[in-house]
$ cat my_file-v9.txt   # compact mmCIF, C-alpha atoms and all ligand atoms
# COMPACT_ATOMS: atom_id res chain seq x y z
CA MET A 1255 194.66 -72.45 26.33
CA ALA A 1256 194.27 -75.85 24.67
CA LEU A 1257 196.29 -76.92 21.64
CA VAL A 1258 194.93 -75.40 18.43
CA THR A 1259 195.20 -76.24 14.74
CA SER A 1260 197.14 -73.93 12.43
CA LYS A 1261 194.05 -72.94 10.43
CA GLU A 1262 193.40 -69.54 11.99
CA MET A 1263 197.13 -68.97 12.59
CA PHE A 1264 197.86 -69.36 8.88
CA GLU A 1265 194.91 -67.18 7.80
CA LYS A 1266 196.17 -64.34 9.98
CA ALA A 1267 199.80 -64.92 8.96
CA TYR A 1268 198.93 -64.91 5.25
CA ASN A 1269 196.94 -61.70 5.52
CA GLY A 1270 199.40 -60.08 7.92
CA GLY A 1271 202.55 -60.78 5.88
CA TYR A 1272 204.35 -62.86 8.48
CA ALA A 1273 205.00 -66.57 9.15
CA ILE A 1274 204.77 -68.94 12.10
CA GLY A 1275 207.92 -70.69 13.30
CA ALA A 1276 207.74 -74.47 13.45
CA PHE A 1277 210.45 -75.66 15.80
CA ASN A 1278 211.47 -79.29 16.28
CA VAL A 1279 211.31 -80.63 19.82
CA ASN A 1280 212.62 -83.80 21.43
CA ASN A 1281 213.39 -82.94 25.04
CA MET A 1282 212.25 -80.71 27.89
CA GLU A 1283 214.91 -78.00 27.60
CA ILE A 1284 214.18 -77.45 23.91
CA VAL A 1285 210.43 -77.16 24.59
CA GLN A 1286 211.11 -74.73 27.44
CA GLY A 1287 213.53 -72.55 25.45
CA ILE A 1288 211.08 -72.23 22.55
CA MET A 1289 208.10 -71.57 24.80
CA GLU A 1290 209.83 -68.94 26.95
CA ALA A 1291 210.71 -66.94 23.84
CA ALA A 1292 207.29 -67.33 22.18
CA ASP A 1293 205.43 -66.52 25.40
CA GLU A 1294 207.48 -63.40 26.17
CA LEU A 1295 207.11 -62.14 22.59
CA ARG A 1296 203.41 -63.09 22.40
CA SER A 1297 204.00 -65.13 19.26
CA PRO A 1298 201.91 -68.09 18.09
CA VAL A 1299 204.13 -71.16 17.74
CA ILE A 1300 204.23 -74.65 16.23
CA LEU A 1301 206.03 -77.41 18.14
CA GLN A 1302 206.81 -80.27 15.80
CA ALA A 1303 208.04 -83.81 16.38
CA SER A 1304 209.69 -86.03 13.78
CA ALA A 1305 209.62 -89.83 13.71
CA GLY A 1306 213.13 -89.70 15.17
CA ALA A 1307 211.97 -87.47 18.02
CA ARG A 1308 209.06 -89.79 18.78
CA LYS A 1309 211.41 -92.76 18.84
CA TYR A 1310 213.94 -90.94 21.05
CA ALA A 1311 211.59 -89.39 23.61
CA LYS A 1312 208.61 -91.77 23.28
CA PRO A 1313 205.26 -90.29 22.12
CA ALA A 1314 203.80 -90.08 25.65
CA TYR A 1315 206.72 -87.96 26.93
CA LEU A 1316 206.47 -85.60 23.96
CA LYS A 1317 202.74 -85.25 24.32
CA HIS A 1318 202.92 -84.47 28.02
CA LEU A 1319 205.86 -82.09 27.60
CA VAL A 1320 203.80 -80.14 25.09
CA GLU A 1321 200.73 -80.31 27.34
CA ALA A 1322 202.83 -78.84 30.15
CA ALA A 1323 203.94 -76.05 27.83
CA VAL A 1324 200.35 -75.29 26.91
CA GLU A 1325 199.29 -75.27 30.55
CA LEU A 1326 201.84 -72.55 31.30
CA THR A 1327 200.93 -70.15 28.50
CA ASP A 1328 197.95 -68.52 26.80
CA ILE A 1329 199.55 -68.16 23.36
CA PRO A 1330 198.23 -70.45 20.58
CA VAL A 1331 200.31 -73.64 20.26
CA VAL A 1332 200.08 -76.33 17.55
CA LEU A 1333 201.44 -79.86 18.01
CA HIS A 1334 202.53 -81.03 14.55
CA LEU A 1335 203.95 -84.26 13.15
CA ASP A 1336 206.99 -83.44 11.02
CA HIS A 1337 207.61 -85.61 7.91
CA GLY A 1338 205.00 -88.31 8.53
CA ALA A 1339 206.21 -91.18 6.35
CA ASP A 1340 202.85 -92.83 5.73
CA PHE A 1341 199.15 -92.96 6.59
CA GLU A 1342 199.74 -95.17 9.67
CA THR A 1343 202.21 -92.73 11.27
CA CYS A 1344 199.84 -89.83 10.64
CA LYS A 1345 196.88 -91.80 12.00
CA ASP A 1346 198.84 -92.66 15.13
CA CYS A 1347 199.53 -88.97 15.78
CA ILE A 1348 195.99 -87.84 14.92
CA ASP A 1349 194.61 -90.45 17.33
CA GLY A 1350 197.24 -89.42 19.89
CA GLY A 1351 196.25 -85.74 20.15
CA PHE A 1352 198.34 -83.96 17.50
CA THR A 1353 196.45 -81.02 15.99
CA SER A 1354 198.38 -81.06 12.71
CA VAL A 1355 200.25 -83.69 10.70
CA MET A 1356 202.52 -83.69 7.69
CA ILE A 1357 202.27 -86.52 5.20
CA ASP A 1358 205.55 -86.51 3.31
CA TYR A 1359 205.14 -88.56 0.16
CA SER A 1360 207.29 -86.15 -1.83
CA GLY A 1361 209.73 -88.95 -2.67
CA HIS A 1362 206.97 -90.94 -4.40
CA GLU A 1363 205.35 -90.51 -7.81
CA PHE A 1364 202.94 -87.58 -8.19
CA GLU A 1365 199.85 -89.82 -8.33
CA GLU A 1366 200.91 -91.85 -5.27
CA ASN A 1367 201.62 -88.62 -3.41
CA ILE A 1368 198.10 -87.44 -4.24
CA GLN A 1369 196.46 -90.69 -3.10
CA GLU A 1370 198.32 -90.96 0.25
CA SER A 1371 197.96 -87.24 1.04
CA LYS A 1372 194.23 -87.41 0.24
CA ARG A 1373 193.79 -90.44 2.48
CA VAL A 1374 195.47 -88.64 5.38
CA ALA A 1375 193.50 -85.43 4.75
CA GLU A 1376 190.18 -87.29 4.85
CA TYR A 1377 191.03 -89.11 8.09
CA ALA A 1378 192.43 -85.94 9.69
CA HIS A 1379 189.60 -83.62 8.69
CA GLU A 1380 186.96 -85.96 10.12
CA ARG A 1381 188.76 -85.50 13.45
CA GLY A 1382 189.42 -81.75 13.28
CA VAL A 1383 193.12 -82.09 12.46
CA VAL A 1384 194.89 -80.20 9.64
CA VAL A 1385 197.32 -81.62 7.09
CA GLU A 1386 200.50 -80.44 5.37
CA ALA A 1387 201.83 -82.27 2.30
CA GLU A 1388 204.92 -81.74 0.15
CA LEU A 1389 205.66 -81.42 -3.56
CA GLY A 1390 209.27 -81.26 -4.77
CA THR A 1391 212.51 -82.54 -3.27
CA LEU A 1392 214.77 -80.79 -0.79
CA ALA A 1393 218.46 -81.42 -1.43
CA GLY A 1394 221.74 -80.62 0.30
CA ILE A 1395 225.10 -79.53 -1.16
CA GLU A 1396 226.16 -83.14 -1.63
CA ASP A 1397 223.04 -83.83 -3.67
CA ALA A 1398 223.22 -80.93 -6.11
CA VAL A 1399 224.87 -82.90 -8.88
CA SER A 1400 224.03 -80.87 -11.95
CA VAL A 1401 221.99 -77.86 -12.95
CA GLU A 1402 219.47 -80.16 -14.63
CA ALA A 1403 219.15 -82.43 -11.58
CA GLU A 1404 218.80 -79.39 -9.33
CA LYS A 1405 216.05 -77.99 -11.52
CA ALA A 1406 214.13 -81.28 -11.32
CA MET A 1407 214.05 -81.04 -7.52
CA TYR A 1408 212.24 -77.71 -7.36
CA THR A 1409 208.49 -77.77 -7.04
CA ASP A 1410 206.82 -77.54 -10.42
CA PRO A 1411 204.21 -74.74 -10.22
CA ASP A 1412 202.24 -76.52 -12.98
CA GLN A 1413 201.41 -79.30 -10.49
CA VAL A 1414 200.30 -77.37 -7.41
CA GLU A 1415 196.68 -76.55 -8.27
CA GLU A 1416 195.82 -80.13 -9.20
CA PHE A 1417 197.64 -81.44 -6.13
CA VAL A 1418 195.87 -79.19 -3.64
CA LYS A 1419 192.48 -79.62 -5.29
CA ARG A 1420 192.63 -83.41 -5.45
CA THR A 1421 194.16 -83.99 -1.99
CA GLY A 1422 192.26 -81.41 0.04
CA VAL A 1423 195.34 -80.70 2.18
CA ASP A 1424 195.52 -77.48 4.22
CA SER A 1425 199.08 -76.37 3.46
CA LEU A 1426 201.84 -77.28 1.03
CA ALA A 1427 205.60 -77.56 1.55
CA ILE A 1428 207.53 -76.62 -1.58
CA ALA A 1429 211.16 -76.96 -2.68
CA ILE A 1430 212.74 -73.64 -3.69
CA GLY A 1431 216.37 -74.27 -2.74
CA THR A 1432 216.30 -74.84 1.03
CA SER A 1433 217.62 -78.11 2.42
CA HIS A 1434 217.75 -80.00 5.71
CA GLY A 1435 220.69 -80.04 8.12
CA ALA A 1436 223.65 -77.80 8.93
CA TYR A 1437 225.43 -78.16 5.57
CA LYS A 1438 223.28 -76.34 3.06
CA PHE A 1439 225.48 -74.17 0.86
CA LYS A 1440 229.23 -73.97 0.26
CA PRO A 1441 230.96 -71.16 2.18
CA GLY A 1442 231.83 -68.26 -0.07
CA THR A 1443 228.78 -68.83 -2.32
CA ASP A 1444 225.81 -66.50 -2.46
CA PRO A 1445 222.73 -68.67 -1.83
CA LYS A 1446 219.56 -67.61 -3.58
CA LEU A 1447 216.19 -69.14 -2.92
CA ARG A 1448 213.95 -69.46 -5.97
CA LEU A 1449 211.52 -66.79 -4.80
CA ASP A 1450 210.26 -66.63 -8.39
CA ILE A 1451 208.93 -70.20 -8.03
CA LEU A 1452 207.32 -69.23 -4.72
CA ALA A 1453 205.65 -66.24 -6.39
CA GLU A 1454 204.34 -68.42 -9.21
CA VAL A 1455 203.00 -71.02 -6.75
CA ALA A 1456 201.32 -68.23 -4.78
CA ARG A 1457 199.76 -66.86 -7.97
CA ARG A 1458 198.29 -70.28 -8.74
CA LEU A 1459 197.05 -70.85 -5.17
CA PRO A 1460 195.71 -67.51 -3.96
CA GLY A 1461 195.39 -67.34 -0.17
CA PHE A 1462 196.81 -70.84 0.31
CA PRO A 1463 199.48 -71.34 3.04
CA ILE A 1464 202.91 -72.41 1.81
CA VAL A 1465 205.53 -74.10 4.03
CA LEU A 1466 209.33 -73.93 3.88
CA HIS A 1467 211.36 -76.79 5.33
CA GLY A 1468 215.12 -76.71 5.80
CA SER A 1469 215.13 -73.06 6.79
CA SER A 1470 217.89 -72.89 9.38
CA SER A 1471 220.41 -70.14 8.76
CA VAL A 1472 223.30 -71.95 10.51
CA PRO A 1473 224.53 -69.06 12.72
CA GLN A 1474 228.29 -68.89 12.32
CA GLU A 1475 228.78 -67.65 15.89
CA TYR A 1476 227.47 -70.95 17.24
CA VAL A 1477 229.50 -73.01 14.75
CA LYS A 1478 232.56 -71.09 15.96
CA ILE A 1479 231.79 -71.68 19.65
CA ILE A 1480 231.30 -75.41 19.00
CA ASN A 1481 234.57 -75.72 17.06
CA GLU A 1482 236.52 -73.65 19.58
CA ASN A 1483 235.34 -75.94 22.37
CA GLY A 1484 236.23 -79.35 21.04
CA GLY A 1485 233.75 -79.66 18.15
CA ALA A 1486 234.62 -80.53 14.57
CA LEU A 1487 231.85 -79.12 12.39
CA LYS A 1488 232.58 -78.65 8.71
CA ASP A 1489 232.28 -75.22 7.10
CA ALA A 1490 228.87 -74.48 5.64
CA ILE A 1491 226.33 -71.73 5.48
CA GLY A 1492 222.58 -71.74 5.82
CA VAL A 1493 219.58 -69.98 4.31
CA PRO A 1494 219.98 -66.18 4.29
CA GLU A 1495 217.49 -64.75 6.76
CA ASP A 1496 216.56 -61.75 4.61
CA GLN A 1497 215.26 -64.14 1.94
CA LEU A 1498 213.20 -66.02 4.53
CA ARG A 1499 211.76 -62.69 5.72
CA GLU A 1500 210.75 -61.90 2.17
CA ALA A 1501 209.12 -65.33 1.79
CA ALA A 1502 207.25 -64.77 5.08
CA ARG A 1503 205.87 -61.48 3.76
CA GLY A 1504 204.34 -63.45 0.90
CA ALA A 1505 202.55 -66.81 0.86
CA VAL A 1506 204.86 -68.64 3.25
CA CYS A 1507 203.01 -69.13 6.55
CA LYS A 1508 205.19 -71.80 8.22
CA ILE A 1509 208.99 -71.89 8.42
CA ASN A 1510 210.69 -75.00 9.82
CA ILE A 1511 213.74 -74.66 12.03
CA ASP A 1512 215.58 -77.50 13.72
CA SER A 1513 219.32 -77.39 12.97
CA ASP A 1514 219.78 -73.87 14.39
CA LEU A 1515 218.35 -75.05 17.72
CA ARG A 1516 220.66 -78.07 17.70
CA LEU A 1517 223.65 -75.79 17.09
CA GLY A 1518 222.59 -73.42 19.87
CA MET A 1519 222.00 -76.23 22.34
CA THR A 1520 225.34 -77.88 21.53
CA ALA A 1521 227.24 -74.57 21.64
CA GLY A 1522 225.81 -73.78 25.09
CA ILE A 1523 226.70 -77.20 26.46
CA ARG A 1524 230.21 -77.31 24.94
CA GLN A 1525 230.99 -73.79 26.12
CA HIS A 1526 229.78 -74.61 29.62
CA MET A 1527 231.74 -77.85 29.85
CA ALA A 1528 234.90 -76.14 28.63
CA ALA A 1529 234.52 -73.30 31.15
CA TYR A 1530 233.62 -75.57 34.08
CA PRO A 1531 235.35 -78.93 33.61
CA ASP A 1532 234.43 -79.88 37.18
CA HIS A 1533 230.67 -79.63 36.56
CA PHE A 1534 228.70 -82.85 36.29
CA ASP A 1535 225.17 -81.72 37.14
CA PRO A 1536 223.18 -81.84 33.85
CA ARG A 1537 221.04 -78.93 35.04
CA GLN A 1538 224.07 -76.65 34.87
CA TYR A 1539 225.05 -77.31 31.26
CA LEU A 1540 221.57 -78.02 29.90
CA ALA A 1541 220.43 -74.64 31.23
CA ASP A 1542 223.06 -72.93 29.03
CA GLY A 1543 221.85 -74.91 26.01
CA ARG A 1544 218.28 -73.85 26.82
CA THR A 1545 219.32 -70.19 27.08
CA ASN A 1546 220.70 -70.35 23.53
CA VAL A 1547 217.55 -72.06 22.22
CA LYS A 1548 215.48 -69.24 23.70
CA ALA A 1549 217.74 -66.56 22.18
CA ILE A 1550 217.59 -68.17 18.72
CA VAL A 1551 213.80 -68.52 18.78
CA ALA A 1552 213.40 -64.91 19.95
CA HIS A 1553 215.63 -63.72 17.10
CA LYS A 1554 213.67 -65.77 14.54
CA ILE A 1555 210.32 -64.49 15.80
CA VAL A 1556 211.32 -60.82 15.68
CA ASP A 1557 213.79 -60.61 12.78
CA VAL A 1558 212.77 -63.42 10.41
CA LEU A 1559 209.17 -64.51 10.95
CA GLY A 1560 207.65 -61.21 12.08
CA SER A 1561 205.23 -63.12 14.35
CA ASP A 1562 205.81 -61.21 17.60
CA HIS A 1563 202.69 -59.75 19.22
CA LYS A 1564 200.44 -61.74 16.89
CA ALA A 1565 199.16 -64.19 19.54
O1 LIG B 1 213.41 -82.34 8.85
C1 LIG B 1 213.91 -83.03 9.72
C2 LIG B 1 214.07 -82.52 11.09
O2 LIG B 1 215.21 -81.72 11.21
C3 LIG B 1 214.03 -83.65 12.07
O3 LIG B 1 215.21 -84.37 12.06
O4 LIG B 1 214.55 -86.73 11.75
O5 LIG B 1 216.73 -86.12 12.83
O6 LIG B 1 214.57 -85.76 14.03
P1 LIG B 1 215.26 -85.84 12.71
P1 LIG B 2 216.65 -77.37 9.22
O1 LIG B 2 217.51 -78.59 9.21
O2 LIG B 2 217.10 -76.35 8.22
O3 LIG B 2 216.54 -76.78 10.58
O4 LIG B 2 215.17 -77.80 8.77
C1 LIG B 2 214.28 -78.38 9.68
C2 LIG B 2 213.07 -78.94 9.03
O5 LIG B 2 212.76 -78.70 7.88
C3 LIG B 2 212.23 -79.81 9.84
O6 LIG B 2 211.20 -80.38 9.11
ZN ZN B 3 211.68 -80.80 7.07
$ encode --input "my_file-v9.txt" --output "structure tokens"
Amino acid sequence: MALVTSKEMFEKAYNGGYAIGAFNVNNMEIVQGIMEAADELRSPVILQASAGARKYAKPAYLKHLVEAAVELTDIPVVLHLDHGADFETCKDCIDGGFTSVMIDYSGHEFEENIQESKRVAEYAHERGVVVEAELGTLAGIEDAVSVEAEKAMYTDPDQVEEFVKRTGVDSLAIAIGTSHGAYKFKPGTDPKLRLDILAEVARRLPGFPIVLHGSSSVPQEYVKIINENGGALKDAIGVPEDQLREAARGAVCKINIDSDLRLGMTAGIRQHMAAYPDHFDPRQYLADGRTNVKAIVAHKIVDVLGSDHKA
């Protein structure tokens, strides 16, 4: 099967009360781990590459890795640009074979965000590519300075209809309390996503696919393995998976996960190196990292996204 856009995927996910996992890729073992899980569970999947991933692996390697993945499966696969910083980056990916791009102008003024997102949507749509944009600001624990400042970061439901109408984008990432990276919430706290904001956005945009970034749950078992095998990660907790499941039952059609895969990959490698200090063949330790990536993706598909057997 060739690469597809997320259009039909999101329609089915919205109506079926589940979400599609969008997993960040930057090397072969990560692509393989994700694809083995998605293929075995017959789940549609989004492979996404950030600017950092494109710089690290080079666009041609990423493209051909994903093409190899598609050649070996018949499940629907989307190749998506994660956090496109500007029109030029999005154009580069659209011209280079991506089937979906994100224009992330969420750090700019509302009007500038509209103009840049609209420009990308027009260019993409003429070429059969779909576009995600973002409204609101994702923050981490270090950023949450005051209640007022935190409130200002959430997506304002009053803005979403105008934004979607004027830009013509196909999906919208919103800020409801998730954040990027492995340090999301202080241990001992009880993180709560603003599912009320999500519900209000969904009410204003009936049938429209919503995206959640920063949705890793930071599995403590992997943090423990890393720290017991020479790592020095700080204590932190991630997004509670039951809240993500609830969001996926509603308007959320795409859930982004990167940090959990990084933790799984690193835990597998550290554990392997500690157990076999004489090993120096990368295939031996990378295979253990890949096994963890596969296990994490399988867990997300079945227990969080609900996208198994929807291919
Ligand atoms: O949202 C960001 C993703 O986790 C990608 O991270 O920019 O370090 O590749 P990166
Ligand atoms: P995490 O850091 O929570 O995995 O979020 C990834 C993400 O949003 C990629 O765009
Ligand atoms: Zn993100």
$ residues_around --input "my_file-v9.txt" --residues "region 1494-1498 of chain A" --least-positions-apart "5" --cutoff "12 Å" --atoms "all atoms listed in the file" --output "number ranges by chain"
A: 1271-1275, 1430-1432, 1438-1439, 1443-1450, 1452, 1465-1474, 1503-1511, 1553-1560
$ write_last_selection --input "my_file-v9.txt" --atoms "C-alpha atoms" --output "short mmCIF file (atom, residue, chain, number, x, y, z; two decimals), in the frame of the given file"
data_model
loop_
_atom_site.label_atom_id
_atom_site.label_comp_id
_atom_site.auth_asym_id
_atom_site.auth_seq_id
_atom_site.Cartn_x
_atom_site.Cartn_y
_atom_site.Cartn_z
CA GLY A 1271 202.55 -60.78 5.88
CA TYR A 1272 204.35 -62.86 8.48
CA ALA A 1273 205.00 -66.57 9.15
CA ILE A 1274 204.77 -68.94 12.10
CA GLY A 1275 207.92 -70.69 13.30
CA ILE A 1430 212.74 -73.64 -3.69
CA GLY A 1431 216.37 -74.27 -2.74
CA THR A 1432 216.30 -74.84 1.03
CA LYS A 1438 223.28 -76.34 3.06
CA PHE A 1439 225.48 -74.17 0.86
CA THR A 1443 228.78 -68.83 -2.32
CA ASP A 1444 225.81 -66.50 -2.46
CA PRO A 1445 222.73 -68.67 -1.83
CA LYS A 1446 219.56 -67.61 -3.58
CA LEU A 1447 216.19 -69.14 -2.92
CA ARG A 1448 213.95 -69.46 -5.97
CA LEU A 1449 211.52 -66.79 -4.80
CA ASP A 1450 210.26 -66.63 -8.39
CA LEU A 1452 207.32 -69.23 -4.72
CA VAL A 1465 205.53 -74.10 4.03
CA LEU A 1466 209.33 -73.93 3.88
CA HIS A 1467 211.36 -76.79 5.33
CA GLY A 1468 215.12 -76.71 5.80
CA SER A 1469 215.13 -73.06 6.79
CA SER A 1470 217.89 -72.89 9.38
CA SER A 1471 220.41 -70.14 8.76
CA VAL A 1472 223.30 -71.95 10.51
CA PRO A 1473 224.53 -69.06 12.72
CA GLN A 1474 228.29 -68.89 12.32
CA ARG A 1503 205.87 -61.48 3.76
CA GLY A 1504 204.34 -63.45 0.90
CA ALA A 1505 202.55 -66.81 0.86
CA VAL A 1506 204.86 -68.64 3.25
CA CYS A 1507 203.01 -69.13 6.55
CA LYS A 1508 205.19 -71.80 8.22
CA ILE A 1509 208.99 -71.89 8.42
CA ASN A 1510 210.69 -75.00 9.82
CA ILE A 1511 213.74 -74.66 12.03
CA HIS A 1553 215.63 -63.72 17.10
CA LYS A 1554 213.67 -65.77 14.54
CA ILE A 1555 210.32 -64.49 15.80
CA VAL A 1556 211.32 -60.82 15.68
CA ASP A 1557 213.79 -60.61 12.78
CA VAL A 1558 212.77 -63.42 10.41
CA LEU A 1559 209.17 -64.51 10.95
CA GLY A 1560 207.65 -61.21 12.08
#
$ residues_around --input "my_file-v9.txt" --residues "Tyr1539 (chain A)" --least-positions-apart "2" --cutoff "9 Å" --atoms "only C-alpha atoms" --output "list in words"
Gly1522, Ile1523, Arg1524, Gln1525, His1526, Met1527, His1533, Phe1534, Asp1535, Pro1536, Arg1537, Ala1541, Asp1542, Gly1543 and Arg1544 of chain A
$ atom_distance --input "my_file-v9.txt" --atom1 "CA of Cys1347 (chain A)" --atom2 "CA of Asp1514 (chain A)"
25.3 Å
$ closest_atom_pairs --input "my_file-v9.txt" --of "chain A" --to "ligand ZN 3 (chain B)" --cutoff "12 Å" --atoms "only C-alpha atoms and all ligand atoms" --output "CSV"
residue,atom,partner,partner_atom,distance
A:Ala1276,CA,B:ZN3,ZN,9.8
A:Phe1277,CA,B:ZN3,ZN,10.2
A:Asn1278,CA,B:ZN3,ZN,9.3
A:Gln1302,CA,B:ZN3,ZN,10.0
A:Ala1303,CA,B:ZN3,ZN,10.4
A:Ser1304,CA,B:ZN3,ZN,8.7
A:Ala1305,CA,B:ZN3,ZN,11.4
A:His1334,CA,B:ZN3,ZN,11.8
A:Leu1335,CA,B:ZN3,ZN,10.4
A:Asp1336,CA,B:ZN3,ZN,6.7
A:His1337,CA,B:ZN3,ZN,6.4
A:Gly1338,CA,B:ZN3,ZN,10.2
A:Ala1339,CA,B:ZN3,ZN,11.8
A:Met1356,CA,B:ZN3,ZN,9.6
A:Ile1357,CA,B:ZN3,ZN,11.2
A:Asp1358,CA,B:ZN3,ZN,9.2
A:Ser1360,CA,B:ZN3,ZN,11.3
A:Glu1386,CA,B:ZN3,ZN,11.3
A:Ala1387,CA,B:ZN3,ZN,11.0
A:Glu1388,CA,B:ZN3,ZN,9.7
A:Thr1391,CA,B:ZN3,ZN,10.5
A:Leu1392,CA,B:ZN3,ZN,8.4
A:Ala1393,CA,B:ZN3,ZN,10.9
A:Ala1427,CA,B:ZN3,ZN,8.8
A:Ile1428,CA,B:ZN3,ZN,10.5
A:Ala1429,CA,B:ZN3,ZN,10.5
A:Thr1432,CA,B:ZN3,ZN,9.7
A:Ser1433,CA,B:ZN3,ZN,8.0
A:His1434,CA,B:ZN3,ZN,6.3
A:Gly1435,CA,B:ZN3,ZN,9.1
A:Val1465,CA,B:ZN3,ZN,9.6
A:Leu1466,CA,B:ZN3,ZN,7.9
A:His1467,CA,B:ZN3,ZN,4.4
A:Gly1468,CA,B:ZN3,ZN,5.5
A:Ser1469,CA,B:ZN3,ZN,8.5
A:Ser1470,CA,B:ZN3,ZN,10.3
A:Lys1508,CA,B:ZN3,ZN,11.2
A:Ile1509,CA,B:ZN3,ZN,9.4
A:Asn1510,CA,B:ZN3,ZN,6.5
A:Ile1511,CA,B:ZN3,ZN,8.2
A:Asp1512,CA,B:ZN3,ZN,8.4
A:Ser1513,CA,B:ZN3,ZN,10.2
$ axis_aligned_box --input "my_file-v9.txt" --around "region 1349-1365 of chain A" --padding-each-side "8 Å" --output "lines of an AutoDock Vina configuration file"
center_x = 202.2
center_y = -86.0
center_z = 5.9
size_x = 31.1
size_y = 25.9
size_z = 44.5
$ residues_around --input "my_file-v9.txt" --residues "Val1258 (chain A)" --least-positions-apart "4" --cutoff "9 Å" --atoms "only C-alpha atoms" --output "list in words"
Glu1262, Met1263, Pro1330, Val1331, Val1332, Leu1333, Thr1353 and Ser1354 of chain A
$ closest_residue --input "my_file-v9.txt" --among "A:Ile1284, A:Leu1389, A:Ala1490, A:Leu1316" --to "Thr1520 (chain A)" --atoms "all atoms listed in the file"
A:Ile1284
$ atom_distance --input "my_file-v9.txt" --atom1 "CA of Glu1325 (chain A)" --atom2 "CA of Glu1290 (chain A)"
12.8 Å
$ atom_distance --input "my_file-v9.txt" --atom1 "CA of Lys1345 (chain A)" --atom2 "CA of Ile1464 (chain A)"
22.7 Å
$ closest_residue --input "my_file-v9.txt" --among "A:Leu1517, A:Ala1453, A:Asp1532, A:Arg1499" --to "ligand LIG 1 (chain B)" --atoms "all atoms listed in the file"
A:Leu1517
$ closest_residue --input "my_file-v9.txt" --among "A:Thr1409, A:Thr1327, A:Ser1371, A:Asn1483" --to "Thr1421 (chain A)" --atoms "only C-alpha atoms"
A:Ser1371
$ closest_residue --input "my_file-v9.txt" --among "A:Ala1291, A:Arg1516, A:Arg1457, A:Asn1367" --to "ligand LIG 2 (chain B)" --atoms "all atoms listed in the file"
A:Arg1516
$ closest_residue --input "my_file-v9.txt" --among "A:Pro1441, A:Gly1270, A:Gly1492, A:Gly1287" --to "ligand LIG 2 (chain B)" --atoms "only C-alpha atoms and all ligand atoms"
A:Gly1492
$ closest_residue --input "my_file-v9.txt" --among "A:Gln1369, A:Tyr1377, A:Val1455, A:Gly1382" --to "Arg1420 (chain A)" --atoms "only C-alpha atoms"
A:Gln1369
$ build_atoms --input "my_file-v9.txt" --residues "region 1352-1365 of chain A" --atoms "N, CA and C atoms" --output "PDB file, in the coordinates of the input"
ATOM      1  N   PHE A1352     197.716 -85.014  18.311  1.00  0.00           N
ATOM      2  CA  PHE A1352     198.340 -83.960  17.500  1.00  0.00           C
ATOM      3  C   PHE A1352     197.228 -83.150  16.829  1.00  0.00           C
ATOM      4  N   THR A1353     197.469 -81.850  16.635  1.00  0.00           N
ATOM      5  CA  THR A1353     196.450 -81.020  15.990  1.00  0.00           C
ATOM      6  C   THR A1353     196.778 -80.767  14.517  1.00  0.00           C
ATOM      7  N   SER A1354     197.935 -81.257  14.093  1.00  0.00           N
ATOM      8  CA  SER A1354     198.380 -81.060  12.710  1.00  0.00           C
ATOM      9  C   SER A1354     199.356 -82.170  12.358  1.00  0.00           C
ATOM     10  N   VAL A1355     199.271 -82.673  11.124  1.00  0.00           N
ATOM     11  CA  VAL A1355     200.250 -83.690  10.700  1.00  0.00           C
ATOM     12  C   VAL A1355     200.762 -83.353   9.307  1.00  0.00           C
ATOM     13  N   MET A1356     201.991 -83.776   9.045  1.00  0.00           N
ATOM     14  CA  MET A1356     202.520 -83.690   7.690  1.00  0.00           C
ATOM     15  C   MET A1356     202.595 -85.106   7.116  1.00  0.00           C
ATOM     16  N   ILE A1357     202.031 -85.280   5.931  1.00  0.00           N
ATOM     17  CA  ILE A1357     202.270 -86.520   5.200  1.00  0.00           C
ATOM     18  C   ILE A1357     203.323 -86.174   4.140  1.00  0.00           C
ATOM     19  N   ASP A1358     204.469 -86.817   4.252  1.00  0.00           N
ATOM     20  CA  ASP A1358     205.550 -86.510   3.310  1.00  0.00           C
ATOM     21  C   ASP A1358     205.733 -87.668   2.343  1.00  0.00           C
ATOM     22  N   TYR A1359     205.009 -87.576   1.230  1.00  0.00           N
ATOM     23  CA  TYR A1359     205.140 -88.560   0.160  1.00  0.00           C
ATOM     24  C   TYR A1359     205.845 -87.920  -1.047  1.00  0.00           C
ATOM     25  N   SER A1360     206.649 -86.908  -0.744  1.00  0.00           N
ATOM     26  CA  SER A1360     207.290 -86.150  -1.830  1.00  0.00           C
ATOM     27  C   SER A1360     208.296 -87.000  -2.602  1.00  0.00           C
ATOM     28  N   GLY A1361     208.775 -88.083  -1.976  1.00  0.00           N
ATOM     29  CA  GLY A1361     209.730 -88.950  -2.670  1.00  0.00           C
ATOM     30  C   GLY A1361     209.050 -89.980  -3.563  1.00  0.00           C
ATOM     31  N   HIS A1362     207.716 -89.990  -3.579  1.00  0.00           N
ATOM     32  CA  HIS A1362     206.970 -90.940  -4.400  1.00  0.00           C
ATOM     33  C   HIS A1362     206.472 -90.249  -5.672  1.00  0.00           C
ATOM     34  N   GLU A1363     205.930 -91.056  -6.579  1.00  0.00           N
ATOM     35  CA  GLU A1363     205.350 -90.510  -7.810  1.00  0.00           C
ATOM     36  C   GLU A1363     204.209 -89.560  -7.477  1.00  0.00           C
ATOM     37  N   PHE A1364     203.980 -88.598  -8.378  1.00  0.00           N
ATOM     38  CA  PHE A1364     202.940 -87.580  -8.190  1.00  0.00           C
ATOM     39  C   PHE A1364     201.587 -88.199  -7.815  1.00  0.00           C
ATOM     40  N   GLU A1365     201.178 -89.222  -8.556  1.00  0.00           N
ATOM     41  CA  GLU A1365     199.850 -89.820  -8.330  1.00  0.00           C
ATOM     42  C   GLU A1365     199.782 -90.516  -6.959  1.00  0.00           C
TER      43      GLU A1365
END
